[in-house]
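Structure file query.txt (compact mmCIF, N, CA and C atoms) is printed below.
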# COMPACT_ATOMS: atom_id res chain seq x y z
N MET A 24 -110.69 173.62 -62.11
CA MET A 24 -109.62 173.50 -61.13
C MET A 24 -109.97 174.38 -59.93
N SER A 25 -109.76 173.85 -58.73
CA SER A 25 -110.08 174.61 -57.54
C SER A 25 -108.98 175.63 -57.22
N ARG A 26 -109.34 176.57 -56.37
CA ARG A 26 -108.35 177.59 -55.99
C ARG A 26 -107.17 176.98 -55.25
N ASP A 27 -107.44 175.96 -54.43
CA ASP A 27 -106.35 175.31 -53.70
C ASP A 27 -105.35 174.67 -54.66
N ALA A 28 -105.86 174.07 -55.71
CA ALA A 28 -104.97 173.43 -56.69
C ALA A 28 -104.16 174.48 -57.44
N GLU A 29 -104.75 175.64 -57.68
CA GLU A 29 -104.03 176.70 -58.39
C GLU A 29 -102.92 177.28 -57.54
N ARG A 30 -103.17 177.43 -56.25
CA ARG A 30 -102.17 178.07 -55.38
C ARG A 30 -101.10 177.12 -54.87
N GLY A 31 -101.44 175.85 -54.66
CA GLY A 31 -100.50 174.94 -54.03
C GLY A 31 -99.90 173.92 -54.98
N GLY A 32 -99.91 174.20 -56.25
CA GLY A 32 -99.45 173.23 -57.24
C GLY A 32 -97.99 172.85 -57.08
N THR A 33 -97.13 173.81 -56.82
CA THR A 33 -95.70 173.51 -56.71
C THR A 33 -95.42 172.68 -55.47
N GLY A 34 -96.00 173.05 -54.35
CA GLY A 34 -95.82 172.29 -53.12
C GLY A 34 -96.36 170.87 -53.24
N HIS A 35 -97.49 170.75 -53.90
CA HIS A 35 -98.11 169.44 -54.13
C HIS A 35 -97.18 168.59 -55.00
N PHE A 36 -96.64 169.17 -56.05
CA PHE A 36 -95.73 168.48 -56.97
C PHE A 36 -94.49 168.00 -56.22
N ILE A 37 -93.90 168.89 -55.42
CA ILE A 37 -92.69 168.53 -54.68
C ILE A 37 -92.99 167.45 -53.65
N ALA A 38 -94.13 167.55 -52.97
CA ALA A 38 -94.50 166.53 -51.98
C ALA A 38 -94.67 165.17 -52.62
N GLN A 39 -95.27 165.13 -53.80
CA GLN A 39 -95.41 163.85 -54.50
C GLN A 39 -94.05 163.26 -54.85
N ARG A 40 -93.13 164.10 -55.31
CA ARG A 40 -91.81 163.61 -55.69
C ARG A 40 -91.01 163.15 -54.47
N VAL A 41 -91.12 163.87 -53.37
CA VAL A 41 -90.40 163.49 -52.16
C VAL A 41 -90.94 162.16 -51.61
N THR A 42 -92.27 162.04 -51.55
CA THR A 42 -92.83 160.78 -51.06
C THR A 42 -92.50 159.63 -52.00
N SER A 43 -92.43 159.90 -53.30
CA SER A 43 -92.02 158.86 -54.25
C SER A 43 -90.60 158.40 -53.97
N ALA A 44 -89.71 159.33 -53.70
CA ALA A 44 -88.32 158.98 -53.41
C ALA A 44 -88.22 158.19 -52.10
N VAL A 45 -88.96 158.61 -51.10
CA VAL A 45 -88.96 157.89 -49.81
C VAL A 45 -89.49 156.47 -50.01
N LEU A 46 -90.57 156.34 -50.76
CA LEU A 46 -91.12 155.01 -51.02
C LEU A 46 -90.18 154.15 -51.85
N ALA A 47 -89.47 154.78 -52.79
CA ALA A 47 -88.52 154.04 -53.62
C ALA A 47 -87.36 153.50 -52.79
N LEU A 48 -87.05 154.14 -51.68
CA LEU A 48 -86.00 153.65 -50.79
C LEU A 48 -86.52 152.66 -49.74
N LEU A 49 -87.65 152.98 -49.14
CA LEU A 49 -88.15 152.16 -48.03
C LEU A 49 -88.80 150.86 -48.47
N ALA A 50 -89.52 150.86 -49.58
CA ALA A 50 -90.23 149.64 -50.00
C ALA A 50 -89.26 148.50 -50.32
N PRO A 51 -88.23 148.72 -51.13
CA PRO A 51 -87.29 147.62 -51.36
C PRO A 51 -86.54 147.21 -50.08
N TRP A 52 -86.21 148.19 -49.25
CA TRP A 52 -85.55 147.87 -47.99
C TRP A 52 -86.43 146.95 -47.15
N PHE A 53 -87.69 147.27 -47.06
CA PHE A 53 -88.61 146.47 -46.25
C PHE A 53 -88.71 145.05 -46.80
N VAL A 54 -88.90 144.92 -48.09
CA VAL A 54 -89.05 143.60 -48.71
C VAL A 54 -87.77 142.78 -48.53
N ILE A 55 -86.63 143.38 -48.79
CA ILE A 55 -85.36 142.65 -48.71
C ILE A 55 -85.04 142.29 -47.26
N SER A 56 -85.19 143.25 -46.35
CA SER A 56 -84.85 142.95 -44.96
C SER A 56 -85.80 141.92 -44.37
N ALA A 57 -87.06 141.98 -44.72
CA ALA A 57 -88.00 140.97 -44.22
C ALA A 57 -87.67 139.60 -44.79
N ALA A 58 -87.32 139.56 -46.06
CA ALA A 58 -86.99 138.27 -46.69
C ALA A 58 -85.72 137.67 -46.10
N LEU A 59 -84.76 138.51 -45.75
CA LEU A 59 -83.49 138.01 -45.25
C LEU A 59 -83.52 137.65 -43.77
N THR A 60 -84.34 138.33 -42.98
CA THR A 60 -84.30 138.13 -41.53
C THR A 60 -85.42 137.26 -40.98
N MET A 61 -86.46 137.04 -41.77
CA MET A 61 -87.55 136.20 -41.28
C MET A 61 -87.34 134.76 -41.77
N PRO A 62 -87.22 133.81 -40.85
CA PRO A 62 -86.98 132.43 -41.27
C PRO A 62 -88.16 131.81 -42.03
N ASP A 63 -89.36 132.23 -41.69
CA ASP A 63 -90.54 131.76 -42.42
C ASP A 63 -91.55 132.90 -42.48
N ALA A 64 -92.67 132.64 -43.09
CA ALA A 64 -93.69 133.69 -43.25
C ALA A 64 -94.76 133.58 -42.18
N GLY A 65 -94.41 133.04 -41.05
CA GLY A 65 -95.37 132.84 -39.98
C GLY A 65 -95.59 134.07 -39.12
N TYR A 66 -96.62 133.98 -38.31
CA TYR A 66 -97.00 135.07 -37.41
C TYR A 66 -95.88 135.41 -36.43
N GLY A 67 -95.28 134.40 -35.86
CA GLY A 67 -94.21 134.62 -34.89
C GLY A 67 -93.01 135.31 -35.50
N SER A 68 -92.67 134.96 -36.72
CA SER A 68 -91.55 135.61 -37.41
C SER A 68 -91.86 137.08 -37.69
N ALA A 69 -93.09 137.34 -38.07
CA ALA A 69 -93.49 138.72 -38.35
C ALA A 69 -93.44 139.56 -37.08
N ILE A 70 -93.91 139.00 -35.97
CA ILE A 70 -93.87 139.71 -34.70
C ILE A 70 -92.43 139.96 -34.27
N ALA A 71 -91.58 138.96 -34.43
CA ALA A 71 -90.16 139.12 -34.07
C ALA A 71 -89.51 140.19 -34.94
N TYR A 72 -89.84 140.20 -36.22
CA TYR A 72 -89.28 141.20 -37.14
C TYR A 72 -89.72 142.61 -36.75
N LEU A 73 -91.01 142.76 -36.46
CA LEU A 73 -91.53 144.09 -36.12
C LEU A 73 -91.20 144.52 -34.69
N SER A 74 -90.72 143.61 -33.88
CA SER A 74 -90.32 143.96 -32.51
C SER A 74 -88.98 144.68 -32.47
N GLN A 75 -88.24 144.62 -33.55
CA GLN A 75 -86.96 145.33 -33.61
C GLN A 75 -87.22 146.81 -33.92
N PRO A 76 -86.64 147.71 -33.14
CA PRO A 76 -86.95 149.14 -33.29
C PRO A 76 -86.69 149.71 -34.69
N LEU A 77 -85.59 149.37 -35.31
CA LEU A 77 -85.30 149.89 -36.64
C LEU A 77 -86.37 149.48 -37.65
N ASN A 78 -86.78 148.22 -37.59
CA ASN A 78 -87.81 147.73 -38.50
C ASN A 78 -89.15 148.41 -38.24
N SER A 79 -89.47 148.63 -36.99
CA SER A 79 -90.73 149.28 -36.65
C SER A 79 -90.77 150.72 -37.13
N VAL A 80 -89.70 151.45 -36.89
CA VAL A 80 -89.65 152.85 -37.33
C VAL A 80 -89.72 152.93 -38.85
N ALA A 81 -88.98 152.06 -39.52
CA ALA A 81 -88.98 152.08 -40.99
C ALA A 81 -90.36 151.73 -41.53
N LEU A 82 -91.04 150.78 -40.90
CA LEU A 82 -92.39 150.42 -41.35
C LEU A 82 -93.37 151.56 -41.13
N ILE A 83 -93.26 152.24 -40.00
CA ILE A 83 -94.13 153.39 -39.74
C ILE A 83 -93.89 154.47 -40.79
N LEU A 84 -92.63 154.73 -41.11
CA LEU A 84 -92.31 155.72 -42.15
C LEU A 84 -92.83 155.27 -43.52
N LEU A 85 -92.70 153.99 -43.82
CA LEU A 85 -93.18 153.46 -45.09
C LEU A 85 -94.69 153.61 -45.22
N VAL A 86 -95.41 153.23 -44.20
CA VAL A 86 -96.87 153.34 -44.23
C VAL A 86 -97.30 154.81 -44.29
N GLY A 87 -96.66 155.65 -43.49
CA GLY A 87 -97.01 157.08 -43.50
C GLY A 87 -96.75 157.72 -44.84
N ALA A 88 -95.59 157.45 -45.42
CA ALA A 88 -95.27 158.02 -46.73
C ALA A 88 -96.20 157.48 -47.80
N GLY A 89 -96.52 156.19 -47.72
CA GLY A 89 -97.42 155.60 -48.71
C GLY A 89 -98.82 156.18 -48.63
N LEU A 90 -99.33 156.36 -47.43
CA LEU A 90 -100.67 156.93 -47.28
C LEU A 90 -100.70 158.40 -47.68
N TYR A 91 -99.66 159.13 -47.37
CA TYR A 91 -99.61 160.54 -47.77
C TYR A 91 -99.50 160.66 -49.29
N HIS A 92 -98.68 159.81 -49.89
CA HIS A 92 -98.53 159.81 -51.35
C HIS A 92 -99.87 159.46 -52.01
N MET A 93 -100.56 158.48 -51.46
CA MET A 93 -101.88 158.11 -51.99
C MET A 93 -102.86 159.27 -51.87
N SER A 94 -102.85 159.93 -50.73
CA SER A 94 -103.76 161.05 -50.52
C SER A 94 -103.48 162.19 -51.49
N LEU A 95 -102.20 162.47 -51.74
CA LEU A 95 -101.85 163.51 -52.70
C LEU A 95 -102.34 163.17 -54.10
N GLY A 96 -102.15 161.93 -54.50
CA GLY A 96 -102.60 161.50 -55.82
C GLY A 96 -104.11 161.55 -55.96
N MET A 97 -104.82 161.09 -54.93
CA MET A 97 -106.28 161.12 -54.98
C MET A 97 -106.80 162.55 -54.98
N GLN A 98 -106.15 163.44 -54.25
CA GLN A 98 -106.56 164.83 -54.25
C GLN A 98 -106.45 165.42 -55.65
N GLU A 99 -105.40 165.08 -56.35
CA GLU A 99 -105.22 165.57 -57.71
C GLU A 99 -106.31 165.04 -58.64
N VAL A 100 -106.64 163.76 -58.49
CA VAL A 100 -107.70 163.17 -59.31
C VAL A 100 -109.04 163.83 -58.99
N ILE A 101 -109.34 164.01 -57.71
CA ILE A 101 -110.60 164.64 -57.31
C ILE A 101 -110.69 166.06 -57.84
N ASP A 102 -109.62 166.83 -57.67
CA ASP A 102 -109.62 168.21 -58.15
C ASP A 102 -109.79 168.30 -59.67
N ASP A 103 -109.18 167.37 -60.38
CA ASP A 103 -109.22 167.42 -61.84
C ASP A 103 -110.52 166.91 -62.44
N TYR A 104 -111.16 165.91 -61.83
CA TYR A 104 -112.26 165.23 -62.49
C TYR A 104 -113.62 165.37 -61.84
N ILE A 105 -113.70 165.83 -60.61
CA ILE A 105 -114.99 165.97 -59.95
C ILE A 105 -115.44 167.43 -60.05
N GLN A 106 -116.57 167.65 -60.71
CA GLN A 106 -117.02 169.01 -61.00
C GLN A 106 -118.00 169.56 -59.96
N LYS A 107 -118.85 168.70 -59.40
CA LYS A 107 -119.87 169.17 -58.45
C LYS A 107 -119.20 169.58 -57.13
N PRO A 108 -119.48 170.79 -56.66
CA PRO A 108 -118.80 171.28 -55.44
C PRO A 108 -119.05 170.42 -54.20
N PHE A 109 -120.29 169.98 -54.00
CA PHE A 109 -120.57 169.18 -52.80
C PHE A 109 -119.85 167.84 -52.88
N THR A 110 -119.91 167.20 -54.03
CA THR A 110 -119.24 165.91 -54.21
C THR A 110 -117.74 166.06 -54.03
N ARG A 111 -117.18 167.11 -54.61
CA ARG A 111 -115.74 167.35 -54.48
C ARG A 111 -115.36 167.56 -53.02
N SER A 112 -116.12 168.37 -52.31
CA SER A 112 -115.83 168.62 -50.90
C SER A 112 -115.93 167.35 -50.06
N PHE A 113 -116.97 166.56 -50.33
CA PHE A 113 -117.16 165.31 -49.60
C PHE A 113 -116.00 164.34 -49.86
N LEU A 114 -115.61 164.21 -51.12
CA LEU A 114 -114.51 163.30 -51.46
C LEU A 114 -113.18 163.80 -50.90
N LEU A 115 -112.96 165.11 -50.90
CA LEU A 115 -111.74 165.65 -50.32
C LEU A 115 -111.70 165.41 -48.81
N LEU A 116 -112.86 165.50 -48.16
CA LEU A 116 -112.94 165.21 -46.73
C LEU A 116 -112.62 163.74 -46.48
N LEU A 117 -113.23 162.85 -47.27
CA LEU A 117 -112.91 161.43 -47.14
C LEU A 117 -111.44 161.17 -47.41
N ASN A 118 -110.89 161.86 -48.39
CA ASN A 118 -109.48 161.69 -48.75
C ASN A 118 -108.57 162.15 -47.62
N ALA A 119 -109.03 163.01 -46.79
CA ALA A 119 -108.23 163.44 -45.63
C ALA A 119 -108.42 162.48 -44.45
N LEU A 120 -109.66 162.02 -44.23
CA LEU A 120 -109.96 161.23 -43.04
C LEU A 120 -109.57 159.76 -43.16
N VAL A 121 -109.80 159.15 -44.32
CA VAL A 121 -109.50 157.72 -44.46
C VAL A 121 -108.01 157.43 -44.30
N PRO A 122 -107.11 158.15 -44.99
CA PRO A 122 -105.69 157.88 -44.76
C PRO A 122 -105.26 158.18 -43.31
N LEU A 123 -105.86 159.18 -42.71
CA LEU A 123 -105.55 159.50 -41.32
C LEU A 123 -105.95 158.34 -40.40
N ALA A 124 -107.12 157.78 -40.62
CA ALA A 124 -107.58 156.64 -39.82
C ALA A 124 -106.70 155.42 -40.05
N LEU A 125 -106.32 155.17 -41.30
CA LEU A 125 -105.44 154.05 -41.61
C LEU A 125 -104.06 154.23 -40.98
N ALA A 126 -103.56 155.45 -41.00
CA ALA A 126 -102.26 155.73 -40.39
C ALA A 126 -102.32 155.53 -38.88
N ALA A 127 -103.40 155.99 -38.26
CA ALA A 127 -103.54 155.82 -36.81
C ALA A 127 -103.63 154.34 -36.45
N ALA A 128 -104.39 153.57 -37.21
CA ALA A 128 -104.51 152.14 -36.94
C ALA A 128 -103.18 151.42 -37.15
N SER A 129 -102.46 151.79 -38.17
CA SER A 129 -101.15 151.18 -38.44
C SER A 129 -100.15 151.52 -37.34
N LEU A 130 -100.13 152.77 -36.94
CA LEU A 130 -99.24 153.20 -35.87
C LEU A 130 -99.57 152.46 -34.57
N PHE A 131 -100.85 152.37 -34.27
CA PHE A 131 -101.28 151.65 -33.07
C PHE A 131 -100.83 150.19 -33.11
N ALA A 132 -101.00 149.54 -34.26
CA ALA A 132 -100.63 148.13 -34.38
C ALA A 132 -99.13 147.92 -34.19
N VAL A 133 -98.33 148.76 -34.82
CA VAL A 133 -96.87 148.60 -34.70
C VAL A 133 -96.41 148.91 -33.28
N LEU A 134 -96.97 149.95 -32.67
CA LEU A 134 -96.57 150.28 -31.30
C LEU A 134 -97.04 149.20 -30.32
N ARG A 135 -98.20 148.62 -30.58
CA ARG A 135 -98.67 147.55 -29.71
C ARG A 135 -97.77 146.34 -29.77
N ILE A 136 -97.27 146.04 -30.97
CA ILE A 136 -96.33 144.93 -31.11
C ILE A 136 -95.05 145.22 -30.33
N ASN A 137 -94.58 146.47 -30.40
CA ASN A 137 -93.32 146.82 -29.73
C ASN A 137 -93.44 146.90 -28.22
N PHE A 138 -94.54 147.45 -27.74
CA PHE A 138 -94.64 147.69 -26.30
C PHE A 138 -95.54 146.70 -25.59
N GLY A 139 -96.06 145.72 -26.31
CA GLY A 139 -96.88 144.68 -25.70
C GLY A 139 -98.31 145.10 -25.50
N ALA A 140 -99.12 144.12 -25.22
CA ALA A 140 -100.55 144.38 -25.03
C ALA A 140 -100.91 144.33 -23.57

Do you think you could lay out the structure here as structure tokens?
Amino acid sequence: MSRDAERGGTGHFIAQRVTSAVLALLAPWFVISAALTMPDAGYGSAIAYLSQPLNSVALILLVGAGLYHMSLGMQEVIDDYIQKPFTRSFLLLLNALVPLALAAASLFAVLRINFGA
């Protein structure tokens, strides 16, 4: 176990539980609201749905919470099962950068839909 895992265990645990609660609220809301307000599953309906500010903000929060929750879980797996220091460091770096890149791309896509191209 790494020193970071030993010192930040409680905060890590709480962050996982908070993101789980946020996801438990936002995911069903997203599915239900999309199903009720989109007349079909077409591109135009999706754009119209995401053009509404409440839906856009909720989707950004959903994606952000999901990526952060994923990153927390992967960090725990890496800390627990990867023994080689270089491999662990490399995977932890990837675990920080990949969700960050995905979050940036998602944010860009949603904002582009809202503010036009």

message: Between A:Gly139, A:Pro108, A:Gly96, A:Gly89, which residue has the minimum interatomic distance to Leu123 in chain A, considering only C-alpha atoms?
response: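 That would be A:Gly89, the residue with the smallest distance to Leu123 in chain A.
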
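Between atom N of Ser129 in chain A and atom N of Phe53 in chain A there is a distance of 17.8 Å.
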
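You will find atom C of Leu90 in chain A at 12.4 Å from atom N of Val41 in chain A.
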
field: Contacts of Asn118 in chain A within 7 Å, only N, CA and C atoms, excl. fewer than 5 positions in-chain, as a list in words
entry: Ser94, Met97, Gln98, Phe113 and Leu123 of chain A

message: For a quick check of understanding, using all atoms listed in the file, which of A:Phe131, A:Tyr104, A:Tyr91, A:Tyr72 has the smallest distance to Ala57 in chain A?
response: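 Between A:Phe131, A:Tyr104, A:Tyr91, A:Tyr72, the residue approaching Ala57 in chain A most closely is A:Tyr72.
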
Because the input lacks atoms here, generate N, CA, C and O atoms for range 121-138 of chain A and report them as a PDB file, keeping the file's coordinate frame.
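Now in out_3.pdb:
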ATOM      1  N   VAL A 121    -109.800 159.150 -44.320  1.00  0.00           N
ATOM      2  CA  VAL A 121    -109.500 157.720 -44.460  1.00  0.00           C
ATOM      3  C   VAL A 121    -108.010 157.430 -44.300  1.00  0.00           C
ATOM      4  O   VAL A 121    -107.636 156.548 -43.514  1.00  0.00           O
ATOM      5  N   PRO A 122    -107.110 158.150 -44.990  1.00  0.00           N
ATOM      6  CA  PRO A 122    -105.690 157.880 -44.760  1.00  0.00           C
ATOM      7  C   PRO A 122    -105.260 158.180 -43.310  1.00  0.00           C
ATOM      8  O   PRO A 122    -104.401 157.488 -42.769  1.00  0.00           O
ATOM      9  N   LEU A 123    -105.860 159.180 -42.710  1.00  0.00           N
ATOM     10  CA  LEU A 123    -105.550 159.500 -41.320  1.00  0.00           C
ATOM     11  C   LEU A 123    -105.950 158.340 -40.400  1.00  0.00           C
ATOM     12  O   LEU A 123    -105.178 157.937 -39.511  1.00  0.00           O
ATOM     13  N   ALA A 124    -107.120 157.780 -40.620  1.00  0.00           N
ATOM     14  CA  ALA A 124    -107.580 156.640 -39.820  1.00  0.00           C
ATOM     15  C   ALA A 124    -106.700 155.420 -40.050  1.00  0.00           C
ATOM     16  O   ALA A 124    -106.346 154.703 -39.099  1.00  0.00           O
ATOM     17  N   LEU A 125    -106.320 155.170 -41.300  1.00  0.00           N
ATOM     18  CA  LEU A 125    -105.440 154.050 -41.610  1.00  0.00           C
ATOM     19  C   LEU A 125    -104.060 154.230 -40.980  1.00  0.00           C
ATOM     20  O   LEU A 125    -103.467 153.273 -40.468  1.00  0.00           O
ATOM     21  N   ALA A 126    -103.560 155.450 -41.000  1.00  0.00           N
ATOM     22  CA  ALA A 126    -102.260 155.730 -40.390  1.00  0.00           C
ATOM     23  C   ALA A 126    -102.320 155.530 -38.880  1.00  0.00           C
ATOM     24  O   ALA A 126    -101.400 154.950 -38.290  1.00  0.00           O
ATOM     25  N   ALA A 127    -103.400 155.990 -38.260  1.00  0.00           N
ATOM     26  CA  ALA A 127    -103.540 155.820 -36.810  1.00  0.00           C
ATOM     27  C   ALA A 127    -103.630 154.340 -36.450  1.00  0.00           C
ATOM     28  O   ALA A 127    -102.987 153.895 -35.486  1.00  0.00           O
ATOM     29  N   ALA A 128    -104.390 153.570 -37.210  1.00  0.00           N
ATOM     30  CA  ALA A 128    -104.510 152.140 -36.940  1.00  0.00           C
ATOM     31  C   ALA A 128    -103.180 151.420 -37.150  1.00  0.00           C
ATOM     32  O   ALA A 128    -102.804 150.551 -36.352  1.00  0.00           O
ATOM     33  N   SER A 129    -102.460 151.790 -38.170  1.00  0.00           N
ATOM     34  CA  SER A 129    -101.150 151.180 -38.440  1.00  0.00           C
ATOM     35  C   SER A 129    -100.150 151.520 -37.340  1.00  0.00           C
ATOM     36  O   SER A 129     -99.407 150.653 -36.872  1.00  0.00           O
ATOM     37  N   LEU A 130    -100.130 152.770 -36.940  1.00  0.00           N
ATOM     38  CA  LEU A 130     -99.240 153.200 -35.870  1.00  0.00           C
ATOM     39  C   LEU A 130     -99.570 152.460 -34.570  1.00  0.00           C
ATOM     40  O   LEU A 130     -98.679 151.966 -33.872  1.00  0.00           O
ATOM     41  N   PHE A 131    -100.850 152.370 -34.270  1.00  0.00           N
ATOM     42  CA  PHE A 131    -101.280 151.650 -33.070  1.00  0.00           C
ATOM     43  C   PHE A 131    -100.830 150.190 -33.110  1.00  0.00           C
ATOM     44  O   PHE A 131    -100.318 149.655 -32.124  1.00  0.00           O
ATOM     45  N   ALA A 132    -101.000 149.540 -34.260  1.00  0.00           N
ATOM     46  CA  ALA A 132    -100.630 148.130 -34.380  1.00  0.00           C
ATOM     47  C   ALA A 132     -99.130 147.920 -34.190  1.00  0.00           C
ATOM     48  O   ALA A 132     -98.710 147.015 -33.472  1.00  0.00           O
ATOM     49  N   VAL A 133     -98.330 148.760 -34.820  1.00  0.00           N
ATOM     50  CA  VAL A 133     -96.870 148.600 -34.700  1.00  0.00           C
ATOM     51  C   VAL A 133     -96.410 148.910 -33.280  1.00  0.00           C
ATOM     52  O   VAL A 133     -95.583 148.192 -32.706  1.00  0.00           O
ATOM     53  N   LEU A 134     -96.970 149.950 -32.670  1.00  0.00           N
ATOM     54  CA  LEU A 134     -96.570 150.280 -31.300  1.00  0.00           C
ATOM     55  C   LEU A 134     -97.040 149.200 -30.320  1.00  0.00           C
ATOM     56  O   LEU A 134     -96.343 148.898 -29.337  1.00  0.00           O
ATOM     57  N   ARG A 135     -98.200 148.620 -30.580  1.00  0.00           N
ATOM     58  CA  ARG A 135     -98.670 147.550 -29.710  1.00  0.00           C
ATOM     59  C   ARG A 135     -97.770 146.340 -29.770  1.00  0.00           C
ATOM     60  O   ARG A 135     -97.503 145.684 -28.768  1.00  0.00           O
ATOM     61  N   ILE A 136     -97.270 146.040 -30.970  1.00  0.00           N
ATOM     62  CA  ILE A 136     -96.330 144.930 -31.110  1.00  0.00           C
ATOM     63  C   ILE A 136     -95.050 145.220 -30.330  1.00  0.00           C
ATOM     64  O   ILE A 136     -94.517 144.345 -29.652  1.00  0.00           O
ATOM     65  N   ASN A 137     -94.580 146.470 -30.400  1.00  0.00           N
ATOM     66  CA  ASN A 137     -93.320 146.820 -29.730  1.00  0.00           C
ATOM     67  C   ASN A 137     -93.440 146.900 -28.220  1.00  0.00           C
ATOM     68  O   ASN A 137     -92.528 146.519 -27.509  1.00  0.00           O
ATOM     69  N   PHE A 138     -94.540 147.450 -27.740  1.00  0.00           N
ATOM     70  CA  PHE A 138     -94.640 147.690 -26.300  1.00  0.00           C
ATOM     71  C   PHE A 138     -95.540 146.700 -25.590  1.00  0.00           C
ATOM     72  O   PHE A 138     -95.801 146.828 -24.398  1.00  0.00           O
TER      73      PHE A 138
END
